[in-house]
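Enquirer: Take a look at target.pdb, PDB, C-alpha atoms and all ligand atoms:
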```
ATOM      1  CA  MET A   1     103.338  71.167-118.029
ATOM      2  CA  LEU A   2     100.672  71.110-115.337
ATOM      3  CA  ASP A   3      98.184  69.601-117.810
ATOM      4  CA  LYS A   4     100.637  66.758-118.383
ATOM      5  CA  ALA A   5     101.165  66.209-114.662
ATOM      6  CA  TYR A   6      97.565  66.423-113.474
ATOM      7  CA  GLY A   7      95.438  66.206-116.632
ATOM      8  CA  LYS A   8      93.750  69.044-118.486
ATOM      9  CA  PRO A   9      91.165  70.719-116.229
ATOM     10  CA  ALA A  10      87.657  70.180-117.570
ATOM     11  CA  ARG A  11      85.948  73.441-118.441
ATOM     12  CA  SER A  12      82.683  73.412-116.573
ATOM     13  CA  LYS A  13      79.503  75.124-117.693
ATOM     14  CA  ARG A  14      79.251  78.781-116.711
ATOM     15  CA  SER A  15      77.536  79.133-113.371
ATOM     16  CA  ASP A  16      74.781  81.545-112.451
ATOM     17  CA  PRO A  17      76.572  84.619-110.998
ATOM     18  CA  VAL A  18      74.442  84.909-107.855
ATOM     19  CA  ASP A  19      74.882  81.175-107.217
ATOM     20  CA  GLU A  20      78.639  81.634-107.657
ATOM     21  CA  LEU A  21      78.675  84.575-105.260
ATOM     22  CA  VAL A  22      76.804  82.639-102.569
ATOM     23  CA  ARG A  23      78.907  79.507-103.131
ATOM     24  CA  THR A  24      82.135  81.496-102.746
ATOM     25  CA  ILE A  25      80.956  83.179 -99.544
ATOM     26  CA  LEU A  26      80.121  79.722 -98.171
ATOM     27  CA  SER A  27      83.556  78.370 -99.163
ATOM     28  CA  GLN A  28      85.482  80.762 -96.924
ATOM     29  CA  ASN A  29      87.523  78.986 -94.230
ATOM     30  CA  THR A  30      86.102  75.537 -94.868
ATOM     31  CA  THR A  31      86.513  72.535 -97.159
ATOM     32  CA  ASP A  32      84.873  72.237-100.591
ATOM     33  CA  ARG A  33      82.883  69.286 -99.283
ATOM     34  CA  ASN A  34      81.313  71.267 -96.428
ATOM     35  CA  SER A  35      80.601  74.389 -98.433
ATOM     36  CA  LEU A  36      79.044  72.444-101.324
ATOM     37  CA  LYS A  37      76.832  70.591 -98.879
ATOM     38  CA  ALA A  38      75.673  73.894 -97.388
ATOM     39  CA  PHE A  39      75.078  75.354-100.855
ATOM     40  CA  ALA A  40      73.014  72.323-101.891
ATOM     41  CA  SER A  41      70.905  72.740 -98.728
ATOM     42  CA  LEU A  42      70.256  76.389 -99.570
ATOM     43  CA  LYS A  43      69.238  75.578-103.150
ATOM     44  CA  GLU A  44      66.962  72.840-101.898
ATOM     45  CA  ARG A  45      65.194  75.136 -99.407
ATOM     46  CA  PHE A  46      64.868  78.244-101.568
ATOM     47  CA  ARG A  47      63.333  78.163-105.015
ATOM     48  CA  SER A  48      64.710  81.660-105.660
ATOM     49  CA  TRP A  49      67.191  83.965-103.946
ATOM     50  CA  GLY A  50      64.346  86.439-103.513
ATOM     51  CA  THR A  51      62.684  83.970-101.137
ATOM     52  CA  LEU A  52      65.829  83.889 -99.008
ATOM     53  CA  LEU A  53      65.492  87.648 -98.472
ATOM     54  CA  LYS A  54      62.222  87.065 -96.629
ATOM     55  CA  THR A  55      63.789  84.445 -94.359
ATOM     56  CA  PRO A  56      65.132  85.229 -90.855
ATOM     57  CA  VAL A  57      68.929  85.045 -90.594
ATOM     58  CA  GLY A  58      68.669  82.438 -87.814
ATOM     59  CA  ARG A  59      66.909  80.026 -90.156
ATOM     60  CA  ILE A  60      69.493  80.571 -92.910
ATOM     61  CA  GLU A  61      72.187  79.953 -90.319
ATOM     62  CA  ARG A  62      70.688  76.562 -89.447
ATOM     63  CA  ILE A  63      70.405  75.585 -93.119
ATOM     64  CA  ILE A  64      74.076  76.355 -93.848
ATOM     65  CA  LYS A  65      75.478  74.928 -90.605
ATOM     66  CA  HIS A  66      77.785  72.523 -92.541
ATOM     67  CA  ALA A  67      79.784  75.463 -93.904
ATOM     68  CA  GLY A  68      81.113  76.606 -90.519
ATOM     69  CA  LEU A  69      80.980  80.233 -89.303
ATOM     70  CA  ALA A  70      77.302  79.933 -90.194
ATOM     71  CA  ASN A  71      76.328  82.917 -88.026
ATOM     72  CA  ILE A  72      78.651  85.206 -90.010
ATOM     73  CA  LYS A  73      78.020  83.689 -93.440
ATOM     74  CA  SER A  74      74.211  83.689 -93.110
ATOM     75  CA  LYS A  75      74.241  87.399 -92.277
ATOM     76  CA  ARG A  76      76.707  88.164 -95.062
ATOM     77  CA  ILE A  77      74.708  86.272 -97.688
ATOM     78  CA  LYS A  78      71.452  87.953 -96.738
ATOM     79  CA  GLU A  79      72.995  91.445 -96.596
ATOM     80  CA  THR A  80      74.753  91.001 -99.940
ATOM     81  CA  LEU A  81      71.667  89.703-101.733
ATOM     82  CA  TYR A  82      69.579  92.445-100.130
ATOM     83  CA  GLU A  83      71.951  95.083-101.487
ATOM     84  CA  ILE A  84      71.940  93.559-104.986
ATOM     85  CA  ASN A  85      68.144  93.524-104.882
ATOM     86  CA  ARG A  86      68.060  97.155-103.765
ATOM     87  CA  ARG A  87      70.386  98.317-106.519
ATOM     88  CA  GLN A  88      69.153  96.174-109.395
ATOM     89  CA  GLY A  89      65.469  95.789-108.541
ATOM     90  CA  GLY A  90      65.940  92.020-108.312
ATOM     91  CA  VAL A  91      68.509  89.499-107.098
ATOM     92  CA  THR A  92      70.452  89.404-110.342
ATOM     93  CA  LEU A  93      73.969  90.156-111.534
ATOM     94  CA  ALA A  94      73.202  89.744-115.221
ATOM     95  CA  HIS A  95      74.085  93.390-115.928
ATOM     96  CA  LEU A  96      77.759  92.645-115.199
ATOM     97  CA  ALA A  97      78.025  90.943-118.597
ATOM     98  CA  ASP A  98      77.856  94.405-120.211
ATOM     99  CA  LEU A  99      80.643  95.916-118.087
ATOM    100  CA  SER A 100      84.427  95.824-118.469
ATOM    101  CA  VAL A 101      86.303  93.433-116.164
ATOM    102  CA  ASP A 102      87.463  96.331-113.986
ATOM    103  CA  ASP A 103      84.017  97.908-113.699
ATOM    104  CA  ALA A 104      82.368  94.555-112.970
ATOM    105  CA  ALA A 105      84.993  93.847-110.278
ATOM    106  CA  GLU A 106      84.446  97.283-108.749
ATOM    107  CA  TYR A 107      80.692  96.715-108.610
ATOM    108  CA  LEU A 108      81.124  93.378-106.847
ATOM    109  CA  LYS A 109      83.724  94.676-104.403
ATOM    110  CA  SER A 110      81.441  97.598-103.526
ATOM    111  CA  LEU A 111      79.036  95.060-101.994
ATOM    112  CA  LYS A 112      79.755  94.705 -98.288
ATOM    113  CA  GLY A 113      81.492  91.411 -97.546
ATOM    114  CA  VAL A 114      82.633  90.773-101.126
ATOM    115  CA  GLY A 115      86.418  90.739-101.455
ATOM    116  CA  PRO A 116      88.730  90.328-104.439
ATOM    117  CA  LYS A 117      88.592  86.516-104.429
ATOM    118  CA  THR A 118      84.796  86.303-104.426
ATOM    119  CA  ALA A 119      84.590  88.977-107.128
ATOM    120  CA  ALA A 120      87.152  87.162-109.294
ATOM    121  CA  CYS A 121      85.345  83.794-108.908
ATOM    122  CA  VAL A 122      82.079  85.343-110.127
ATOM    123  CA  LEU A 123      83.765  87.061-113.080
ATOM    124  CA  LEU A 124      85.781  84.012-114.155
ATOM    125  CA  PHE A 125      83.325  81.181-113.569
ATOM    126  CA  SER A 126      80.069  82.945-114.456
ATOM    127  CA  PHE A 127      81.124  85.365-117.186
ATOM    128  CA  GLY A 128      84.408  83.897-118.472
ATOM    129  CA  MET A 129      86.128  87.237-117.795
ATOM    130  CA  ALA A 130      89.910  87.426-117.381
ATOM    131  CA  SER A 131      90.004  87.707-113.611
ATOM    132  CA  MET A 132      92.177  85.527-111.387
ATOM    133  CA  PRO A 133      90.791  84.225-108.087
ATOM    134  CA  VAL A 134      93.689  83.757-105.647
ATOM    135  CA  ASP A 135      93.316  81.278-102.806
ATOM    136  CA  THR A 136      96.027  80.217-100.359
ATOM    137  CA  HIS A 137      97.399  77.538-102.753
ATOM    138  CA  ILE A 138      97.716  79.954-105.661
ATOM    139  CA  PHE A 139      99.216  82.653-103.461
ATOM    140  CA  ARG A 140     101.855  80.311-102.025
ATOM    141  CA  VAL A 141     102.814  78.659-105.324
ATOM    142  CA  ALA A 142     102.901  81.966-107.259
ATOM    143  CA  LYS A 143     105.229  83.434-104.630
ATOM    144  CA  ARG A 144     107.564  80.455-104.728
ATOM    145  CA  LEU A 145     107.620  80.475-108.499
ATOM    146  CA  GLY A 146     108.497  84.163-108.413
ATOM    147  CA  LEU A 147     105.379  85.281-110.305
ATOM    148  CA  ILE A 148     104.565  87.776-107.556
ATOM    149  CA  GLY A 149     106.962  89.734-105.368
ATOM    150  CA  ALA A 150     107.612  88.989-101.704
ATOM    151  CA  SER A 151     105.895  92.191-100.552
ATOM    152  CA  ILE A 152     102.631  91.568-102.462
ATOM    153  CA  ASN A 153      99.705  90.593-100.226
ATOM    154  CA  ILE A 154      96.931  88.177-101.195
ATOM    155  CA  GLY A 155      94.495  91.005-101.963
ATOM    156  CA  GLU A 156      96.963  92.608-104.394
ATOM    157  CA  ALA A 157      97.869  89.243-105.954
ATOM    158  CA  HIS A 158      94.528  89.079-107.833
ATOM    159  CA  ASP A 159      95.376  92.077-109.981
ATOM    160  CA  VAL A 160      99.070  91.198-110.377
ATOM    161  CA  LEU A 161      98.372  87.627-111.527
ATOM    162  CA  SER A 162      95.478  88.714-113.758
ATOM    163  CA  ASP A 163      98.024  90.893-115.583
ATOM    164  CA  VAL A 164     100.900  88.376-115.603
ATOM    165  CA  VAL A 165      98.983  85.319-116.855
ATOM    166  CA  PRO A 166      97.780  85.423-120.498
ATOM    167  CA  LYS A 167      94.024  86.023-120.521
ATOM    168  CA  ASP A 168      93.119  82.801-122.312
ATOM    169  CA  LEU A 169      95.118  80.764-119.774
ATOM    170  CA  ILE A 170      93.650  82.212-116.575
ATOM    171  CA  TYR A 171      91.031  79.467-116.182
ATOM    172  CA  SER A 172      93.445  76.546-116.654
ATOM    173  CA  PHE A 173      96.197  78.308-114.648
ATOM    174  CA  HIS A 174      93.814  78.816-111.730
ATOM    175  CA  LEU A 175      92.720  75.170-111.601
ATOM    176  CA  GLY A 176      96.168  73.759-112.442
ATOM    177  CA  ILE A 177      98.007  75.722-109.748
ATOM    178  CA  ILE A 178      95.439  74.777-107.107
ATOM    179  CA  GLU A 179      96.009  71.108-107.984
ATOM    180  CA  HIS A 180      99.770  71.645-107.953
ATOM    181  CA  GLY A 181      99.558  73.301-104.532
ATOM    182  CA  ARG A 182      97.456  70.462-103.137
ATOM    183  CA  ARG A 183      99.534  67.604-104.523
ATOM    184  CA  THR A 184     103.105  68.834-104.954
ATOM    185  CA  CYS A 185     103.888  72.363-103.799
ATOM    186  CA  LYS A 186     102.514  71.720-100.330
ATOM    187  CA  ALA A 187     102.743  74.406 -97.669
ATOM    188  CA  ARG A 188     105.064  72.584 -95.265
ATOM    189  CA  SER A 189     107.051  70.124 -97.340
ATOM    190  CA  PRO A 190     106.977  70.889-101.042
ATOM    191  CA  ARG A 191     107.906  67.904-103.196
ATOM    192  CA  CYS A 192     110.451  69.800-105.226
ATOM    193  CA  GLY A 193     112.259  66.646-106.332
ATOM    194  CA  SER A 194     109.263  65.504-108.365
ATOM    195  CA  CYS A 195     108.024  68.918-109.442
ATOM    196  CA  VAL A 196     107.463  69.576-113.142
ATOM    197  CA  LEU A 197     108.028  73.293-112.546
ATOM    198  CA  TYR A 198     111.396  72.829-110.800
ATOM    199  CA  GLY A 199     113.399  74.387-113.625
ATOM    200  CA  LEU A 200     111.164  77.479-113.671
ATOM    201  CA  CYS A 201     110.875  77.945-109.938
ATOM    202  CA  ALA A 202     112.539  80.776-108.012
ATOM    203  CA  PHE A 203     112.021  79.259-104.549
ATOM    204  CA  LYS A 204     115.319  79.609-102.709
ATOM    205  CA  ASP A 205     114.896  76.363-100.740
ATOM    206  CA  LYS A 206     113.930  74.130-103.667
ATOM    207  CA  ARG A 207     117.268  72.261-103.657
ATOM    208  CA  PHE A 208     116.911  71.561 -99.950
ATOM    209  CA  TYR A 209     113.401  70.113-100.376
ATOM    210  CA  ALA A 210     114.412  68.138-103.481
ATOM    211  CA  LYS A 211     117.266  66.586-101.495
ATOM    212  CA  LYS A 212     115.071  65.948 -98.473
ATOM    213  CA  GLY A 213     112.528  64.164-100.686
ATOM    214  CA  ALA A 214     115.269  62.021-102.245
ATOM    215  CA  GLU A 215     116.534  61.004 -98.779
ATOM    216  CA  LEU A 216     113.055  59.908 -97.738
ATOM    217  CA  THR A 217     112.568  57.645-100.776
TER     218      THR A 217
HETATM  219  S1  LIG A 301     110.088  73.440-107.219
HETATM  220 FE1  LIG A 301     109.232  73.169-105.177
HETATM  221  S2  LIG A 301     108.676  75.218-104.486
HETATM  222 FE2  LIG A 301     108.968  75.313-106.722
HETATM  223  S3  LIG A 301     106.899  75.006-107.564
HETATM  224 FE3  LIG A 301     107.900  73.021-107.470
HETATM  225  S4  LIG A 301     107.250  72.137-105.486
HETATM  226 FE4  LIG A 301     106.846  74.345-105.429
END
```
Rewrite the structure of this file - the entire thing - as structure tokens.
Expert:
Amino acid sequence: MLDKAYGKPARSKRSDPVDELVRTILSQNTTDRNSLKAFASLKERFRSWGTLLKTPVGRIERIIKHAGLANIKSKRIKETLYEINRRQGGVTLAHLADLSVDDAAEYLKSLKGVGPKTAACVLLFSFGMASMPVDTHIFRVAKRLGLIGASINIGEAHDVLSDVVPKDLIYSFHLGIIEHGRRTCKARSPRCGSCVLYGLCAFKDKRFYAKKGAELT
């Protein structure tokens, strides 16, 4: 249904896991545009992540200024990469490919500053593992649809949705629901009247918003 409404999401090439980790840290509390700009600046300045470890945090902060909260993110990136380097003898996450999804997630979440969303992004986009990253769009839409209970918090939603959604659909579900949240199931005024998921949705106010939308047109 979502493929029909928004087009089938293109499956992009698997990303390098450390790149994905850094990119996800940069994406917190900012737009894709800003975080991608900051990530591109980092890649341009550092030929390897090992070089970043030798760089003062203040300089990293200036390089990633576009991402916002640069003082926090620069420290977090350096500390996380430092810890990976300490444990693995190099800034690499390649060993995660040999672990189960749960063990790989546990490893990532044991790194200071890495939460369930960052861990799930690395596992899904770099290793193709069945792990669901949950952002605010996915959390809101999944709640309205009734896929997760009212008492579930965003941290718990990663595991719940990873179990609910068939493993081979996690990638397209993730991208499709984000698109749906941006274009139709908006936070303030969902466009229920033109929603392809209307018949499946458990949101108690969907009739109200469908009617409201019809009055505005
Ligand atoms: S019917 Fe409304 S609340 Fe339900 S998914 Fe569609 S837009 Fe969101």
Enquirer: Can you give me, as a list of chain:residue names, the residues this file yields under the PyMOL selection byres (((chain A and resi 4) around 12) and not hetatm)?
Expert: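 On this input, the PyMOL selection byres (((chain A and resi 4) around 12) and not hetatm) captures A:Met1, A:Leu2, A:Asp3, A:Ala5, A:Tyr6, A:Gly7, A:Lys8, A:Pro9, A:Gly176, A:His180, A:Cys195, A:Val196, A:Leu197.
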Enquirer: Decode the PyMOL selection byres (((chain A and resi 37) around 12) and not hetatm) for the given file into explicit residues and return them as number ranges by chain.
Expert: A: 23, 26-27, 30-36, 38-44, 63-68
Enquirer: Check which residues fall inside 10 Å of ligand LIG 301 (chain A) when counting only C-alpha atoms and all ligand atoms, and print them as number ranges by chain.
Expert: A: 140-146, 177, 180-181, 183-187, 189-210
Enquirer: Restricting it to C-alpha atoms, dump the selection as a PDB file, keeping the file's coordinate frame.
Expert:
```pdb
ATOM      1  CA  ARG A 140     101.855  80.311-102.025  1.00  0.00           C
ATOM      2  CA  VAL A 141     102.814  78.659-105.324  1.00  0.00           C
ATOM      3  CA  ALA A 142     102.901  81.966-107.259  1.00  0.00           C
ATOM      4  CA  LYS A 143     105.229  83.434-104.630  1.00  0.00           C
ATOM      5  CA  ARG A 144     107.564  80.455-104.728  1.00  0.00           C
ATOM      6  CA  LEU A 145     107.620  80.475-108.499  1.00  0.00           C
ATOM      7  CA  GLY A 146     108.497  84.163-108.413  1.00  0.00           C
ATOM      8  CA  ILE A 177      98.007  75.722-109.748  1.00  0.00           C
ATOM      9  CA  HIS A 180      99.770  71.645-107.953  1.00  0.00           C
ATOM     10  CA  GLY A 181      99.558  73.301-104.532  1.00  0.00           C
ATOM     11  CA  ARG A 183      99.534  67.604-104.523  1.00  0.00           C
ATOM     12  CA  THR A 184     103.105  68.834-104.954  1.00  0.00           C
ATOM     13  CA  CYS A 185     103.888  72.363-103.799  1.00  0.00           C
ATOM     14  CA  LYS A 186     102.514  71.720-100.330  1.00  0.00           C
ATOM     15  CA  ALA A 187     102.743  74.406 -97.669  1.00  0.00           C
ATOM     16  CA  SER A 189     107.051  70.124 -97.340  1.00  0.00           C
ATOM     17  CA  PRO A 190     106.977  70.889-101.042  1.00  0.00           C
ATOM     18  CA  ARG A 191     107.906  67.904-103.196  1.00  0.00           C
ATOM     19  CA  CYS A 192     110.451  69.800-105.226  1.00  0.00           C
ATOM     20  CA  GLY A 193     112.259  66.646-106.332  1.00  0.00           C
ATOM     21  CA  SER A 194     109.263  65.504-108.365  1.00  0.00           C
ATOM     22  CA  CYS A 195     108.024  68.918-109.442  1.00  0.00           C
ATOM     23  CA  VAL A 196     107.463  69.576-113.142  1.00  0.00           C
ATOM     24  CA  LEU A 197     108.028  73.293-112.546  1.00  0.00           C
ATOM     25  CA  TYR A 198     111.396  72.829-110.800  1.00  0.00           C
ATOM     26  CA  GLY A 199     113.399  74.387-113.625  1.00  0.00           C
ATOM     27  CA  LEU A 200     111.164  77.479-113.671  1.00  0.00           C
ATOM     28  CA  CYS A 201     110.875  77.945-109.938  1.00  0.00           C
ATOM     29  CA  ALA A 202     112.539  80.776-108.012  1.00  0.00           C
ATOM     30  CA  PHE A 203     112.021  79.259-104.549  1.00  0.00           C
ATOM     31  CA  LYS A 204     115.319  79.609-102.709  1.00  0.00           C
ATOM     32  CA  ASP A 205     114.896  76.363-100.740  1.00  0.00           C
ATOM     33  CA  LYS A 206     113.930  74.130-103.667  1.00  0.00           C
ATOM     34  CA  ARG A 207     117.268  72.261-103.657  1.00  0.00           C
ATOM     35  CA  PHE A 208     116.911  71.561 -99.950  1.00  0.00           C
ATOM     36  CA  TYR A 209     113.401  70.113-100.376  1.00  0.00           C
ATOM     37  CA  ALA A 210     114.412  68.138-103.481  1.00  0.00           C
TER      38      ALA A 210
END
```
Enquirer: Which of these residues is nearest to Thr136 (chain A), using all atoms listed in the file: A:Ala97, A:Ala10, A:Glu179, A:Gly113?
Expert: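 The answer is A:Glu179, which sits nearest to Thr136 (chain A).
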Enquirer: Let me make sure I understand: among A:Val164, A:Ile154, A:Ala94, A:Ala120, which one has the smallest atom-to-atom distance to Thr24 (chain A) if we use all atoms listed in the file?
Expert: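 So, comparing all the options, the nearest one is A:Ala120.
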Enquirer: As an exercise, work out the distance from CA of Gly155 (chain A) to CA of Leu21 (chain A) in Å and give it to one decimal place.
Expert: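 Taking CA of Gly155 (chain A) and CA of Leu21 (chain A), their separation equals 17.4 Å.
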Enquirer: Identify which of the residues A:Ser131, A:Ser126, A:Thr55, A:Asn85 lies closest to Ser100 (chain A), counting all atoms listed in the file when measuring atom-to-atom distances.
Expert: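 Of A:Ser131, A:Ser126, A:Thr55, A:Asn85, the one nearest Ser100 (chain A) is A:Ser131, counting all atoms listed in the file.
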Enquirer: Check what the PyMOL selection byres (((chain A and resi 59-61) around 9) and not hetatm) selects in the file above and give those residues as a list in words.
Expert: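 On the file shown, the PyMOL selection byres (((chain A and resi 59-61) around 9) and not hetatm) covers Leu42, Leu52, Thr55, Pro56, Val57, Gly58, Arg62, Ile63, Ile64, Lys65, Leu69, Ala70, Asn71, Ile72, Lys73, Ser74, Lys75 and Lys78 of chain A.
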Enquirer: Kindly indicate which residue among A:His174, A:Glu156, A:Ile138, A:Gly149 lies nearest to Gly115 (chain A), using all atoms listed in the file for the distances.
Expert: A:Glu156
Enquirer: If you measure from CA of Leu111 (chain A) to CA of Phe139 (chain A), what distance in Å do you get, rounded to one decimal?
Expert: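 Answer for the CA of Leu111 (chain A) to CA of Phe139 (chain A) separation: 23.7 Å.
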Enquirer: So that all listed atoms of region 192-202 of chain A fit with 3 Å spare on each side, what axis-aligned box centre and edge lengths in Å, to one decimal, would you give as AutoDock Vina command-line options?
Expert:
```
--center_x 110.4 --center_y 73.1 --center_z -109.4 --size_x 11.9 --size_y 21.3 --size_z 14.4
```
Enquirer: Please determine the residues with any atom at most 12 Å from (92.0, 92.2, -100.9) (coordinates as given in the file, with only C-alpha atoms counting) and report them as an mmCIF file with C-alpha atoms, keeping the file's coordinate frame.
Expert:
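File produced: out13.cif:
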```
data_model
loop_
_atom_site.group_PDB
_atom_site.id
_atom_site.type_symbol
_atom_site.label_atom_id
_atom_site.label_comp_id
_atom_site.auth_asym_id
_atom_site.auth_seq_id
_atom_site.Cartn_x
_atom_site.Cartn_y
_atom_site.Cartn_z
ATOM 1 C CA ALA A 105 84.993 93.847 -110.278
ATOM 2 C CA LYS A 109 83.724 94.676 -104.403
ATOM 3 C CA GLY A 113 81.492 91.411 -97.546
ATOM 4 C CA VAL A 114 82.633 90.773 -101.126
ATOM 5 C CA GLY A 115 86.418 90.739 -101.455
ATOM 6 C CA PRO A 116 88.730 90.328 -104.439
ATOM 7 C CA LYS A 117 88.592 86.516 -104.429
ATOM 8 C CA THR A 118 84.796 86.303 -104.426
ATOM 9 C CA ALA A 119 84.590 88.977 -107.128
ATOM 10 C CA ALA A 120 87.152 87.162 -109.294
ATOM 11 C CA PRO A 133 90.791 84.225 -108.087
ATOM 12 C CA VAL A 134 93.689 83.757 -105.647
ATOM 13 C CA ASP A 135 93.316 81.278 -102.806
ATOM 14 C CA ILE A 152 102.631 91.568 -102.462
ATOM 15 C CA ASN A 153 99.705 90.593 -100.226
ATOM 16 C CA ILE A 154 96.931 88.177 -101.195
ATOM 17 C CA GLY A 155 94.495 91.005 -101.963
ATOM 18 C CA GLU A 156 96.963 92.608 -104.394
ATOM 19 C CA ALA A 157 97.869 89.243 -105.954
ATOM 20 C CA HIS A 158 94.528 89.079 -107.833
ATOM 21 C CA ASP A 159 95.376 92.077 -109.981
ATOM 22 C CA VAL A 160 99.070 91.198 -110.377
#
```
Enquirer: Starting from the point (66.4, 82.6, -108.7), work out which residues of protein, DNA or RNA have an atom no more than 9 Å away when counting all atoms listed in the file; state them as a short mmCIF file (atom, residue, chain, number, x, y, z; two decimals) with C-alpha atoms, in the coordinates of the input.
Expert:
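The file below, result_26.cif, is the result:
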```cif
data_model
loop_
_atom_site.label_atom_id
_atom_site.label_comp_id
_atom_site.auth_asym_id
_atom_site.auth_seq_id
_atom_site.Cartn_x
_atom_site.Cartn_y
_atom_site.Cartn_z
CA VAL A 18 74.44 84.91 -107.86
CA ASP A 19 74.88 81.18 -107.22
CA PHE A 46 64.87 78.24 -101.57
CA ARG A 47 63.33 78.16 -105.02
CA SER A 48 64.71 81.66 -105.66
CA TRP A 49 67.19 83.96 -103.95
CA GLY A 50 64.35 86.44 -103.51
CA THR A 51 62.68 83.97 -101.14
CA VAL A 91 68.51 89.50 -107.10
CA THR A 92 70.45 89.40 -110.34
#
```
Enquirer: Rank nothing, just name the residue among A:Leu108, A:Leu96, A:Ile77, A:Ser162 nearest to Phe127 (chain A), using all atoms listed in the file.
Expert: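 Closest candidate: A:Leu96.
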Enquirer: What lies within 7 Å of Ala130 (chain A) using all atoms listed in the file, ignoring chain neighbours under 4 positions off, as a PDB file with C-alpha atoms, keeping the file's coordinate frame?
Expert:
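around-v2.pdb, written as the output of this step:
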```pdb
ATOM      1  CA  LEU A 124      85.781  84.012-114.155  1.00  0.00           C
ATOM      2  CA  SER A 162      95.478  88.714-113.758  1.00  0.00           C
ATOM      3  CA  LYS A 167      94.024  86.023-120.521  1.00  0.00           C
ATOM      4  CA  ILE A 170      93.650  82.212-116.575  1.00  0.00           C
TER       5      ILE A 170
END
```
Enquirer: Record the distance separating CA of Phe125 (chain A) and CA of Asp16 (chain A), expressed in Å with one decimal.
Expert: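 Answer for the CA of Phe125 (chain A) to CA of Asp16 (chain A) separation: 8.6 Å.
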